[in-house]
>>> print(open('structure28.csv').read())   # CSV, C-alpha atoms
chain,number,residue,atom,x,y,z
A,1,MET,CA,0.0,0.0,0.0
A,2,LYS,CA,1.3,3.5,-1.0
A,3,GLU,CA,2.6,5.9,1.6
A,4,LEU,CA,-0.2,8.4,1.2
A,5,THR,CA,-2.8,5.7,1.4
A,6,GLN,CA,-1.3,4.3,4.6
A,7,LYS,CA,-1.5,7.7,6.2
A,8,GLN,CA,-5.1,8.2,5.1
A,9,PHE,CA,-5.8,4.7,6.4
A,10,PHE,CA,-4.4,5.6,9.9
A,11,ASN,CA,-6.2,8.9,10.0
A,12,PHE,CA,-9.5,7.3,9.0
A,13,LEU,CA,-9.4,4.8,11.9
A,14,PHE,CA,-8.2,7.4,14.3
A,15,ASN,CA,-11.0,9.8,13.4
A,16,ASN,CA,-13.6,7.0,13.6
A,17,GLY,CA,-13.2,5.8,17.2
A,18,ILE,CA,-9.9,3.8,17.3
A,19,GLU,CA,-8.0,5.4,20.2
A,20,ASN,CA,-5.0,3.2,20.6
A,21,PHE,CA,-2.5,1.7,18.2
A,22,ILE,CA,-0.3,-0.9,19.9
A,23,GLY,CA,2.0,-3.5,18.5
A,24,VAL,CA,5.3,-4.6,17.0
A,25,PRO,CA,6.4,-2.7,13.9
A,26,ASP,CA,6.5,-4.2,10.4
A,27,SER,CA,8.0,-2.5,7.4
A,28,THR,CA,4.9,-3.4,5.4
A,29,MET,CA,3.0,-0.7,7.4
A,30,LYS,CA,5.8,1.7,8.1
A,31,HIS,CA,3.9,4.8,7.0
A,32,PHE,CA,0.8,3.8,8.9
A,33,ILE,CA,2.9,3.6,12.1
A,34,ASP,CA,4.8,6.8,11.3
A,35,GLU,CA,1.5,8.7,11.0
A,36,GLY,CA,0.5,7.2,14.4
A,37,PHE,CA,3.7,8.5,16.0
A,38,LYS,CA,3.0,12.0,14.7
A,39,LYS,CA,-0.4,11.8,16.5
A,40,ASN,CA,1.4,10.4,19.6
A,41,LYS,CA,-1.0,7.3,19.6
A,42,ILE,CA,1.5,4.5,19.2
A,43,ILE,CA,2.7,2.0,21.9
A,44,ILE,CA,5.4,-0.3,20.8
A,45,THR,CA,5.6,-3.5,22.8
A,46,THR,CA,8.3,-6.1,23.1
A,47,ARG,CA,6.1,-8.9,21.7
A,48,GLU,CA,2.8,-9.2,19.9
A,49,GLU,CA,1.0,-11.1,22.8
A,50,GLU,CA,1.9,-8.2,25.1
A,51,ALA,CA,0.2,-5.8,22.7
A,52,ILE,CA,-2.9,-7.9,22.6
A,53,GLY,CA,-3.0,-7.9,26.4
A,54,ILE,CA,-2.7,-4.2,26.6
A,55,ALA,CA,-5.4,-3.7,24.0
A,56,ALA,CA,-7.6,-6.1,25.9
A,57,GLY,CA,-7.2,-4.0,29.1
A,58,MET,CA,-8.1,-0.9,27.1
A,59,SER,CA,-11.1,-2.6,25.5
A,60,LEU,CA,-12.4,-3.6,29.0
A,61,SER,CA,-12.2,0.2,29.7
A,62,LYS,CA,-14.4,0.9,26.6
A,63,SER,CA,-11.5,2.3,24.6
A,64,TYR,CA,-11.0,0.6,21.2
A,65,SER,CA,-7.6,-0.5,19.9
A,66,LEU,CA,-5.8,-1.7,16.8
A,67,VAL,CA,-3.0,-4.2,17.3
A,68,PHE,CA,-0.4,-4.2,14.5
A,69,MET,CA,2.1,-6.9,13.8
A,70,GLN,CA,3.8,-8.9,11.0
A,71,ASN,CA,2.3,-12.3,10.2
A,72,ALA,CA,5.2,-14.0,12.0
A,73,GLY,CA,4.0,-12.2,15.1
A,74,PHE,CA,0.4,-13.2,14.4
A,75,ALA,CA,1.6,-16.8,14.5
A,76,ASN,CA,3.2,-16.1,17.9
A,77,SER,CA,-0.1,-14.8,19.1
A,78,LEU,CA,-2.5,-17.7,18.3
A,79,SER,CA,-2.9,-18.9,21.8
A,80,THR,CA,-3.5,-15.4,23.2
A,81,ILE,CA,-6.2,-14.9,20.5
A,82,THR,CA,-8.0,-18.1,21.4
A,83,SER,CA,-7.7,-18.0,25.2
A,84,LEU,CA,-8.1,-14.2,25.7
A,85,VAL,CA,-9.6,-12.3,22.8
A,86,GLN,CA,-12.0,-15.0,21.6
A,87,LEU,CA,-12.7,-16.7,25.0
A,88,TYR,CA,-13.8,-13.4,26.6
A,89,GLN,CA,-15.1,-11.9,23.3
A,90,ILE,CA,-12.9,-8.8,23.5
A,91,PRO,CA,-13.2,-6.6,20.5
A,92,MET,CA,-10.0,-5.3,18.7
A,93,ILE,CA,-8.8,-4.9,15.2
A,94,PHE,CA,-5.6,-6.8,14.1
A,95,LEU,CA,-3.6,-5.2,11.4
A,96,ILE,CA,-1.3,-7.9,10.0
A,97,GLY,CA,1.5,-7.4,7.5
A,98,TRP,CA,1.6,-10.3,5.2
A,99,ARG,CA,5.2,-11.3,4.5
A,100,GLY,CA,5.8,-14.2,2.2
A,101,PHE,CA,2.9,-13.1,0.0
A,102,LEU,CA,5.3,-12.7,-2.9
A,103,LYS,CA,7.0,-15.9,-3.8
A,104,ASN,CA,10.5,-14.2,-3.9
A,105,ASP,CA,10.2,-12.7,-0.4
A,106,ALA,CA,13.0,-13.6,2.1
A,107,PRO,CA,13.1,-17.4,2.9
A,108,GLU,CA,12.1,-17.1,6.6
A,109,HIS,CA,8.7,-15.7,5.4
A,110,THR,CA,7.9,-18.4,2.9
A,111,LYS,CA,6.2,-21.1,5.0
A,112,ILE,CA,4.3,-18.8,7.4
A,113,GLY,CA,3.3,-16.6,4.4
A,114,LYS,CA,1.8,-19.6,2.7
A,115,ILE,CA,-0.3,-20.7,5.6
A,116,GLN,CA,-1.4,-17.2,6.7
A,117,PRO,CA,-4.9,-17.5,5.2
A,118,LYS,CA,-5.3,-21.0,6.7
A,119,LEU,CA,-4.3,-19.7,10.2
A,120,LEU,CA,-7.0,-17.1,10.0
A,121,GLN,CA,-9.5,-19.6,8.8
A,122,ALA,CA,-8.5,-22.1,11.6
A,123,LEU,CA,-9.1,-19.4,14.2
A,124,SER,CA,-12.4,-18.4,12.6
A,125,LEU,CA,-11.1,-14.8,12.8
A,126,GLN,CA,-12.9,-12.7,10.2
A,127,SER,CA,-10.6,-10.8,7.9
A,128,LYS,CA,-10.3,-8.6,4.8
A,129,ILE,CA,-7.2,-8.1,2.6
A,130,LEU,CA,-6.6,-4.4,2.0
A,131,ASN,CA,-5.8,-2.7,-1.3
A,132,GLU,CA,-5.7,0.8,-2.7
A,133,LYS,CA,-9.4,0.7,-3.5
A,134,ASN,CA,-11.1,-1.2,-0.8
A,135,TRP,CA,-9.3,0.1,2.3
A,136,LYS,CA,-12.0,2.5,3.4
A,137,ALA,CA,-14.9,0.0,3.0
A,138,SER,CA,-12.8,-2.5,4.9
A,139,CYS,CA,-12.3,0.0,7.7
A,140,HIS,CA,-16.1,0.5,7.9
A,141,TRP,CA,-16.5,-3.3,8.0
A,142,ALA,CA,-14.0,-3.6,10.8
A,143,LEU,CA,-15.4,-0.7,12.9
A,144,LYS,CA,-18.8,-2.2,12.6
A,145,LEU,CA,-17.6,-5.6,13.8
A,146,ILE,CA,-15.7,-4.2,16.9
A,147,LYS,CA,-18.7,-2.1,17.8
A,148,GLY,CA,-20.6,-5.3,17.9
A,149,GLN,CA,-17.9,-6.7,20.3
A,150,LYS,CA,-16.2,-8.9,17.6
A,151,PRO,CA,-12.5,-9.0,16.9
A,152,CYS,CA,-11.4,-9.0,13.2
A,153,ALA,CA,-8.3,-8.7,11.1
A,154,LEU,CA,-7.1,-6.4,8.3
A,155,ILE,CA,-4.4,-7.8,6.1
A,156,LEU,CA,-1.8,-5.7,4.4
A,157,LYS,CA,0.1,-7.5,1.7
A,158,ARG,CA,3.8,-7.0,1.4
A,159,ASP,CA,3.9,-6.2,-2.4
A,160,PHE,CA,7.4,-5.0,-2.7
A,161,ILE,CA,10.9,-6.4,-2.1
A,162,ASP,CA,13.6,-4.3,-0.5
B,163,MET,CA,2.8,-17.3,54.6
B,164,ILE,CA,1.0,-19.2,51.9
B,165,ARG,CA,-0.5,-17.6,48.8
B,166,LYS,CA,-4.0,-17.7,50.1
B,167,GLU,CA,-3.1,-15.9,53.3
B,168,ALA,CA,-1.2,-13.2,51.3
B,169,ILE,CA,-4.2,-12.8,49.0
B,170,THR,CA,-6.5,-12.5,52.0
B,171,ILE,CA,-4.4,-9.6,53.4
B,172,ALA,CA,-4.1,-7.9,49.9
B,173,VAL,CA,-7.8,-8.0,49.1
B,174,GLU,CA,-8.8,-6.5,52.4
B,175,LYS,CA,-6.5,-3.5,51.7
B,176,ILE,CA,-7.5,-3.2,48.0
B,177,ASN,CA,-11.2,-3.1,48.8
B,178,ASN,CA,-13.2,-2.4,45.6
B,179,GLN,CA,-10.4,-1.3,43.3
B,180,PRO,CA,-9.8,-3.4,40.2
B,181,ILE,CA,-7.7,-6.5,40.3
B,182,VAL,CA,-6.4,-8.4,37.2
B,183,SER,CA,-5.3,-11.8,38.4
B,184,ALA,CA,-3.0,-14.3,36.6
B,185,ASN,CA,-4.2,-17.7,35.5
B,186,GLY,CA,-3.7,-20.8,37.6
B,187,PHE,CA,-3.9,-21.0,41.4
B,188,ILE,CA,-3.7,-17.3,41.9
B,189,SER,CA,-7.0,-16.6,40.3
B,190,ARG,CA,-8.5,-19.6,42.0
B,191,ASP,CA,-7.4,-18.4,45.4
B,192,LEU,CA,-8.7,-14.9,44.7
B,193,PHE,CA,-12.0,-16.3,43.5
B,194,GLU,CA,-12.4,-18.4,46.7
B,195,VAL,CA,-11.2,-15.7,49.1
B,196,CYS,CA,-13.1,-12.8,47.8
B,197,ASP,CA,-15.1,-12.9,44.6
B,198,LYS,CA,-16.0,-9.5,43.4
B,199,ASN,CA,-17.2,-7.8,40.2
B,200,SER,CA,-14.0,-5.8,40.2
B,201,ASN,CA,-11.8,-9.0,39.8
B,202,PHE,CA,-10.8,-9.9,36.3
B,203,TYR,CA,-9.8,-13.6,36.4
B,204,MET,CA,-7.5,-14.2,33.4
B,205,ILE,CA,-8.0,-17.9,33.0
B,206,GLY,CA,-5.9,-18.4,29.8
B,207,SER,CA,-3.2,-16.3,28.1
B,208,MET,CA,-0.5,-17.1,30.6
B,209,GLY,CA,1.9,-14.3,31.3
B,210,LEU,CA,-0.3,-11.5,30.2
B,211,ALA,CA,-2.0,-10.3,33.5
B,212,SER,CA,0.4,-7.3,33.8
B,213,SER,CA,-0.2,-6.3,30.2
B,214,ILE,CA,-4.0,-6.4,30.7
B,215,GLY,CA,-3.5,-4.5,33.9
B,216,LEU,CA,-1.4,-1.9,32.1
B,217,GLY,CA,-4.2,-1.4,29.5
B,218,VAL,CA,-6.7,-0.9,32.3
B,219,ALA,CA,-4.4,1.4,34.2
B,220,LEU,CA,-3.7,3.7,31.2
B,221,LYS,CA,-7.4,4.2,30.6
B,222,ASN,CA,-8.6,4.5,34.3
B,223,THR,CA,-6.2,7.0,35.7
B,224,LYS,CA,-8.5,7.9,38.7
B,225,LYS,CA,-8.4,4.3,40.0
B,226,THR,CA,-5.5,2.3,41.3
B,227,ILE,CA,-5.2,-1.0,39.3
B,228,PHE,CA,-3.7,-4.1,41.0
B,229,VAL,CA,-2.2,-7.0,39.2
B,230,PHE,CA,-1.9,-10.3,41.0
B,231,ASP,CA,0.9,-12.1,39.2
B,232,GLY,CA,3.0,-15.2,39.9
B,233,ASP,CA,6.8,-15.6,39.4
B,234,GLY,CA,6.2,-18.2,36.6
B,235,ASN,CA,3.7,-15.8,34.9
B,236,ILE,CA,5.9,-12.7,34.9
B,237,LEU,CA,9.0,-14.7,33.8
B,238,MET,CA,7.0,-15.6,30.7
B,239,ASN,CA,6.4,-11.9,29.8
B,240,LEU,CA,9.4,-10.0,31.2
B,241,GLY,CA,9.0,-7.6,28.2
B,242,SER,CA,5.9,-6.4,30.0
B,243,LEU,CA,8.2,-4.8,32.7
B,244,ILE,CA,9.9,-2.8,29.9
B,245,THR,CA,6.6,-1.5,28.5
B,246,ILE,CA,5.3,-0.7,31.9
B,247,GLY,CA,8.6,1.0,32.6
B,248,ILE,CA,8.3,3.3,29.6
B,249,THR,CA,4.6,4.1,29.9
B,250,LYS,CA,5.0,4.7,33.7
B,251,PRO,CA,1.4,4.3,34.9
B,252,LYS,CA,1.3,6.0,38.3
B,253,ASN,CA,-1.8,4.0,39.2
B,254,LEU,CA,-0.4,0.5,38.7
B,255,VAL,CA,0.5,-1.8,41.6
B,256,HIS,CA,2.0,-5.1,40.4
B,257,ILE,CA,2.0,-7.7,43.1
B,258,VAL,CA,4.0,-10.9,42.4
B,259,PHE,CA,3.3,-13.9,44.6
B,260,ASP,CA,6.7,-15.6,44.4
B,261,ASN,CA,7.1,-19.2,45.5
B,262,SER,CA,9.9,-19.8,43.0
B,263,SER,CA,7.9,-22.5,41.3
B,264,HIS,CA,5.3,-23.3,38.7
B,265,GLU,CA,2.9,-24.5,41.3
B,266,SER,CA,-0.1,-24.9,39.1
B,267,THR,CA,1.7,-27.3,36.8
B,268,GLY,CA,3.3,-29.5,39.5
B,269,GLY,CA,5.8,-27.4,41.4
B,270,GLN,CA,8.6,-27.2,38.9
B,271,LEU,CA,11.2,-24.6,40.0
B,272,THR,CA,11.4,-21.2,38.4
B,273,ALA,CA,14.6,-19.0,38.3
B,274,THR,CA,13.5,-16.4,40.9
B,275,ASN,CA,15.6,-18.1,43.6
B,276,LYS,CA,18.7,-17.5,41.5
B,277,ILE,CA,17.9,-14.3,39.6
B,278,GLN,CA,16.6,-11.3,41.5
B,279,LEU,CA,13.3,-10.1,40.0
B,280,SER,CA,13.5,-7.0,42.2
B,281,LYS,CA,16.6,-5.8,40.3
B,282,ILE,CA,15.0,-6.4,36.9
B,283,ALA,CA,12.0,-4.4,38.0
B,284,LYS,CA,14.0,-1.6,39.5
B,285,SER,CA,15.9,-1.1,36.2
B,286,ALA,CA,12.6,-1.0,34.5
B,287,ASN,CA,11.6,2.1,36.5
B,288,TYR,CA,9.5,0.3,39.1
B,289,LYS,CA,9.5,1.1,42.8
B,290,VAL,CA,10.0,-2.3,44.4
B,291,PHE,CA,8.9,-3.5,47.9
B,292,GLN,CA,9.4,-7.0,49.3
B,293,ALA,CA,7.5,-8.9,52.0
B,294,LYS,CA,8.3,-12.1,53.6
B,295,THR,CA,5.8,-11.9,56.5
B,296,LYS,CA,2.2,-10.9,56.9
B,297,ASN,CA,3.2,-8.0,59.0
B,298,GLN,CA,5.6,-6.7,56.3
B,299,LEU,CA,2.9,-7.0,53.7
B,300,VAL,CA,0.4,-5.0,55.8
B,301,LYS,CA,3.0,-2.2,56.3
B,302,ILE,CA,3.8,-2.1,52.5
B,303,PHE,CA,0.2,-1.5,51.7
B,304,GLN,CA,0.2,1.5,54.1
B,305,LYS,CA,3.3,2.9,52.5
B,306,ILE,CA,2.4,2.5,48.8
B,307,LYS,CA,-0.8,4.5,49.2
B,308,PHE,CA,1.3,7.6,49.0
B,309,ILE,CA,3.8,6.6,46.3
B,310,PRO,CA,3.2,7.0,42.6
B,311,GLY,CA,3.6,3.8,40.5
B,312,PRO,CA,4.5,1.7,38.8
B,313,ILE,CA,5.0,-0.2,42.0
B,314,MET,CA,6.0,-3.9,42.4
B,315,VAL,CA,5.4,-5.8,45.6
B,316,ILE,CA,7.2,-9.1,45.7
B,317,VAL,CA,5.5,-11.3,48.3
B,318,LYS,CA,7.6,-14.4,49.1
B,319,ILE,CA,5.2,-17.3,49.8
B,320,GLU,CA,5.6,-20.9,50.7
B,321,LYS,CA,4.7,-23.6,48.2
B,322,GLY,CA,1.6,-25.7,48.3
B,323,ARG,CA,-0.7,-27.1,50.8
B,324,VAL,CA,-3.9,-25.4,49.8
B,325,VAL,CA,-5.6,-25.6,46.4
B,326,SER,CA,-8.7,-23.6,45.8
B,327,LYS,CA,-11.7,-24.6,43.6
B,328,ARG,CA,-11.8,-23.8,39.9
B,329,ILE,CA,-13.5,-20.7,38.7
B,330,ASN,CA,-17.0,-21.7,37.6
B,331,MET,CA,-18.0,-18.5,35.9
B,332,GLU,CA,-18.4,-17.9,32.2
B,333,PRO,CA,-15.5,-15.8,30.8
B,334,THR,CA,-17.9,-13.3,29.2
B,335,LYS,CA,-19.6,-12.9,32.6
B,336,ILE,CA,-16.2,-12.2,34.2
B,337,LYS,CA,-15.6,-9.6,31.5
B,338,ASN,CA,-19.0,-7.9,31.6
B,339,ARG,CA,-19.2,-7.4,35.4
B,340,PHE,CA,-15.5,-6.2,35.4
B,341,MET,CA,-16.4,-3.6,32.8
B,342,ASP,CA,-19.4,-2.5,34.7
B,343,SER,CA,-17.3,-2.1,37.9
B,344,LEU,CA,-14.9,0.2,36.0
B,345,LYS,CA,-17.7,2.6,35.3
B,346,LYS,CA,-18.4,3.2,39.0
>>> encode(input="structure28.csv", output="structure tokens")
Amino acid sequence: MKELTQKQFFNFLFNNGIENFIGVPDSTMKHFIDEGFKKNKIIITTREEEAIGIAAGMSLSKSYSLVFMQNAGFANSLSTITSLVQLYQIPMIFLIGWRGFLKNDAPEHTKIGKIQPKLLQALSLQSKILNEKNWKASCHWALKLIKGQKPCALILKRDFID
Amino acid sequence: MIRKEAITIAVEKINNQPIVSANGFISRDLFEVCDKNSNFYMIGSMGLASSIGLGVALKNTKKTIFVFDGDGNILMNLGSLITIGITKPKNLVHIVFDNSSHESTGGQLTATNKIQLSKIAKSANYKVFQAKTKNQLVKIFQKIKFIPGPIMVIVKIEKGRVVSKRINMEPTKIKNRFMDSLKK
């Protein structure tokens, strides 16, 4: 996703009730995170599970959060998602950078990138893959879900190689 | 002092302020000693009680939030100390009931008898207090009332002997009543 779109994407969520942006950085969403830093709304954690825990505490206080991470970090978080987020039905939006989407991405991303859609499916975590055209509609979809107390995921494809 | 005795003293001092308690025997003891709407029993997601407590603390600055943690739990999520240390919630009291063992899983030893958790917490900007007796624990509660957090209270407890009943409450009920208690 382009730099400008990522900034618009952040501001759209920020202006529509998402108060906290917590997670572990991923280069796929660099500009999204940078925009959050400008607004002083980012908390960087040491691991993804920790970010989910903090977001859960904030959600219990009726303050909605987005948790950002790379798909490798999403894999780290499976047990936290099932035994905290889904067990207690705590709403939050996951923003997941999808490494390994391109076949020639770095080798450590190949396997996990391949099973990323299956992991979401196995968890029954509702998700949408973002692009330049659908991002705003996908945000509306996610905001509606979390206001109905349901967690969901937005996926950002890594469509460039550095 | 066993954990249940330490928890009994703590809940009396904490009264109706929110408590986020770690999974395993800690939540079970708290449930049996003093079940309240303002208790959030974390039954899964091992290690994350202090992270959940941080989230609650950052959003409820007029309340003091207490985390009931265990040594095994916090050792799984030492990164949480770093994040608490940089966000510096003044209203967070992190109580670690330390028996140097994973008691809920059969009493396997943890490293807190060899590595000092107090030193790690201090370098992560916590103010740290340690209690080995009931009397010391009571005195610490009097002291920390006037000190801004983040505060860690390490309570050395003996292993074993008493196992409390399981929490027989739906997780969504635990959540809903905790959320209602935060509004008051």
>>> interface_residues(input="structure28.csv", of="chain A", to="chain B", cutoff="10 Å", atoms="only C-alpha atoms", output="count of residues only")
34
>>> residues_near_point(input="structure28.csv", point="(-4.0, -0.8, 15.7)", cutoff="6 Å", atoms="only C-alpha atoms", output="mmCIF file with C-alpha atoms, keeping the file's coordinate frame")
data_model
loop_
_atom_site.group_PDB
_atom_site.id
_atom_site.type_symbol
_atom_site.label_atom_id
_atom_site.label_comp_id
_atom_site.auth_asym_id
_atom_site.auth_seq_id
_atom_site.Cartn_x
_atom_site.Cartn_y
_atom_site.Cartn_z
ATOM 1 C CA PHE A 21 -2.500 1.700 18.200
ATOM 2 C CA ILE A 22 -0.300 -0.900 19.900
ATOM 3 C CA SER A 65 -7.600 -0.500 19.900
ATOM 4 C CA LEU A 66 -5.800 -1.700 16.800
ATOM 5 C CA VAL A 67 -3.000 -4.200 17.300
ATOM 6 C CA PHE A 68 -0.400 -4.200 14.500
#
>>> closest_residue(input="structure28.csv", among="B:Ile188, B:Ile302, B:Val195, B:Val325", to="Val258 of chain B", atoms="only C-alpha atoms")
B:Ile188
>>> closest_residue(input="structure28.csv", among="A:Leu123, A:Gln8, A:Ser27, A:Tyr64", to="Pro91 of chain A", atoms="all atoms listed in the file")
A:Tyr64
>>> closest_residue(input="structure28.csv", among="B:Lys307, B:Lys301, B:Lys284, B:Lys346", to="Asn253 of chain B", atoms="only C-alpha atoms")
B:Lys307
>>> closest_residue(input="structure28.csv", among="A:Leu4, A:Leu119, A:Met92, A:Ile18", to="Gly148 of chain A", atoms="all atoms listed in the file")
A:Met92
>>> atom_distance(input="structure28.csv", atom1="atom CA of Phe12 of chain A", atom2="atom CA of Lys136 of chain A")
7.8 Å
>>> closest_residue(input="structure28.csv", among="B:His256, B:Arg190, B:Lys305, B:Lys281", to="Arg165 of chain B", atoms="all atoms listed in the file")
B:Arg190
>>> atom_distance(input="structure28.csv", atom1="atom CA of Leu279 of chain B", atom2="atom CA of Lys224 of chain B")
28.3 Å
>>> residues_near_point(input="structure28.csv", point="(-12.8, -6.8, 42.1)", cutoff="8 Å", atoms="all atoms listed in the file", output="VMD selection string")
chain B and resid 177 to 181 197 to 202 340 343
>>> residues_around(input="structure28.csv", residues="Lys175 of chain B", least_positions_apart="3", cutoff="10 Å", atoms="only C-alpha atoms", output="VMD selection string")
chain B and resid 169 to 172 178 to 179 300 303 to 304
>>> closest_residue(input="structure28.csv", among="B:Gly232, B:Ile306, B:Lys276, B:Thr267", to="Val290 of chain B", atoms="all atoms listed in the file")
B:Ile306
>>> residues_around(input="structure28.csv", residues="Ala293 of chain B", least_positions_apart="5", cutoff="8 Å", atoms="all atoms listed in the file", output="MDAnalysis selection string")
chainID B and resid 298:299 302 315:318
>>> atom_distance(input="structure28.csv", atom1="atom CA of Gly23 of chain A", atom2="atom CA of Thr223 of chain B")
21.8 Å
>>> residues_around(input="structure28.csv", residues="Arg99 of chain A", least_positions_apart="6", cutoff="8 Å", atoms="only C-alpha atoms", output="PyMOL selection string")
chain A and resi 28+70-72+105+109-110+113+157-158
>>> build_atoms(input="structure28.csv", residues="segment 41-61 of chain A", atoms="N, CA and C atoms", output="PDB file, keeping the file's coordinate frame")
ATOM      1  N   LYS A  41       0.055   8.363  19.241  1.00  0.00           N
ATOM      2  CA  LYS A  41      -1.000   7.300  19.600  1.00  0.00           C
ATOM      3  C   LYS A  41      -0.391   5.920  19.514  1.00  0.00           C
ATOM      4  N   ILE A  42       0.912   5.784  19.388  1.00  0.00           N
ATOM      5  CA  ILE A  42       1.500   4.500  19.200  1.00  0.00           C
ATOM      6  C   ILE A  42       2.153   3.959  20.500  1.00  0.00           C
ATOM      7  N   ILE A  43       1.894   2.718  20.846  1.00  0.00           N
ATOM      8  CA  ILE A  43       2.700   2.000  21.900  1.00  0.00           C
ATOM      9  C   ILE A  43       3.367   0.848  21.232  1.00  0.00           C
ATOM     10  N   ILE A  44       4.693   0.846  21.285  1.00  0.00           N
ATOM     11  CA  ILE A  44       5.400  -0.300  20.800  1.00  0.00           C
ATOM     12  C   ILE A  44       5.721  -1.259  21.907  1.00  0.00           C
ATOM     13  N   THR A  45       5.395  -2.514  21.697  1.00  0.00           N
ATOM     14  CA  THR A  45       5.600  -3.500  22.800  1.00  0.00           C
ATOM     15  C   THR A  45       6.788  -4.418  22.372  1.00  0.00           C
ATOM     16  N   THR A  46       7.169  -5.276  23.314  1.00  0.00           N
ATOM     17  CA  THR A  46       8.300  -6.100  23.100  1.00  0.00           C
ATOM     18  C   THR A  46       7.906  -7.383  22.258  1.00  0.00           C
ATOM     19  N   ARG A  47       6.661  -7.801  22.447  1.00  0.00           N
ATOM     20  CA  ARG A  47       6.100  -8.900  21.700  1.00  0.00           C
ATOM     21  C   ARG A  47       4.657  -8.686  21.369  1.00  0.00           C
ATOM     22  N   GLU A  48       4.143  -9.447  20.429  1.00  0.00           N
ATOM     23  CA  GLU A  48       2.800  -9.200  19.900  1.00  0.00           C
ATOM     24  C   GLU A  48       1.730  -9.580  21.006  1.00  0.00           C
ATOM     25  N   GLU A  49       1.992 -10.645  21.760  1.00  0.00           N
ATOM     26  CA  GLU A  49       1.000 -11.100  22.800  1.00  0.00           C
ATOM     27  C   GLU A  49       0.806  -9.972  23.801  1.00  0.00           C
ATOM     28  N   GLU A  50       1.908  -9.303  24.123  1.00  0.00           N
ATOM     29  CA  GLU A  50       1.900  -8.200  25.100  1.00  0.00           C
ATOM     30  C   GLU A  50       0.923  -7.108  24.568  1.00  0.00           C
ATOM     31  N   ALA A  51       1.058  -6.791  23.304  1.00  0.00           N
ATOM     32  CA  ALA A  51       0.200  -5.800  22.700  1.00  0.00           C
ATOM     33  C   ALA A  51      -1.261  -6.153  22.775  1.00  0.00           C
ATOM     34  N   ILE A  52      -1.537  -7.424  22.549  1.00  0.00           N
ATOM     35  CA  ILE A  52      -2.900  -7.900  22.600  1.00  0.00           C
ATOM     36  C   ILE A  52      -3.450  -7.765  24.053  1.00  0.00           C
ATOM     37  N   GLY A  53      -2.601  -8.088  25.014  1.00  0.00           N
ATOM     38  CA  GLY A  53      -3.000  -7.900  26.400  1.00  0.00           C
ATOM     39  C   GLY A  53      -3.333  -6.508  26.775  1.00  0.00           C
ATOM     40  N   ILE A  54      -2.488  -5.575  26.362  1.00  0.00           N
ATOM     41  CA  ILE A  54      -2.700  -4.200  26.600  1.00  0.00           C
ATOM     42  C   ILE A  54      -4.020  -3.693  25.966  1.00  0.00           C
ATOM     43  N   ALA A  55      -4.180  -4.085  24.700  1.00  0.00           N
ATOM     44  CA  ALA A  55      -5.400  -3.700  24.000  1.00  0.00           C
ATOM     45  C   ALA A  55      -6.638  -4.299  24.655  1.00  0.00           C
ATOM     46  N   ALA A  56      -6.510  -5.509  25.195  1.00  0.00           N
ATOM     47  CA  ALA A  56      -7.600  -6.100  25.900  1.00  0.00           C
ATOM     48  C   ALA A  56      -8.000  -5.286  27.138  1.00  0.00           C
ATOM     49  N   GLY A  57      -6.988  -4.867  27.885  1.00  0.00           N
ATOM     50  CA  GLY A  57      -7.200  -4.000  29.100  1.00  0.00           C
ATOM     51  C   GLY A  57      -7.917  -2.722  28.701  1.00  0.00           C
ATOM     52  N   MET A  58      -7.506  -2.143  27.589  1.00  0.00           N
ATOM     53  CA  MET A  58      -8.100  -0.900  27.100  1.00  0.00           C
ATOM     54  C   MET A  58      -9.543  -1.114  26.652  1.00  0.00           C
ATOM     55  N   SER A  59      -9.740  -2.234  25.981  1.00  0.00           N
ATOM     56  CA  SER A  59     -11.100  -2.600  25.500  1.00  0.00           C
ATOM     57  C   SER A  59     -12.038  -2.782  26.682  1.00  0.00           C
ATOM     58  N   LEU A  60     -11.543  -3.400  27.744  1.00  0.00           N
ATOM     59  CA  LEU A  60     -12.400  -3.600  29.000  1.00  0.00           C
ATOM     60  C   LEU A  60     -12.754  -2.225  29.546  1.00  0.00           C
ATOM     61  N   SER A  61     -11.975  -1.207  29.198  1.00  0.00           N
ATOM     62  CA  SER A  61     -12.200   0.200  29.700  1.00  0.00           C
ATOM     63  C   SER A  61     -13.004   0.952  28.583  1.00  0.00           C
TER      64      SER A  61
END
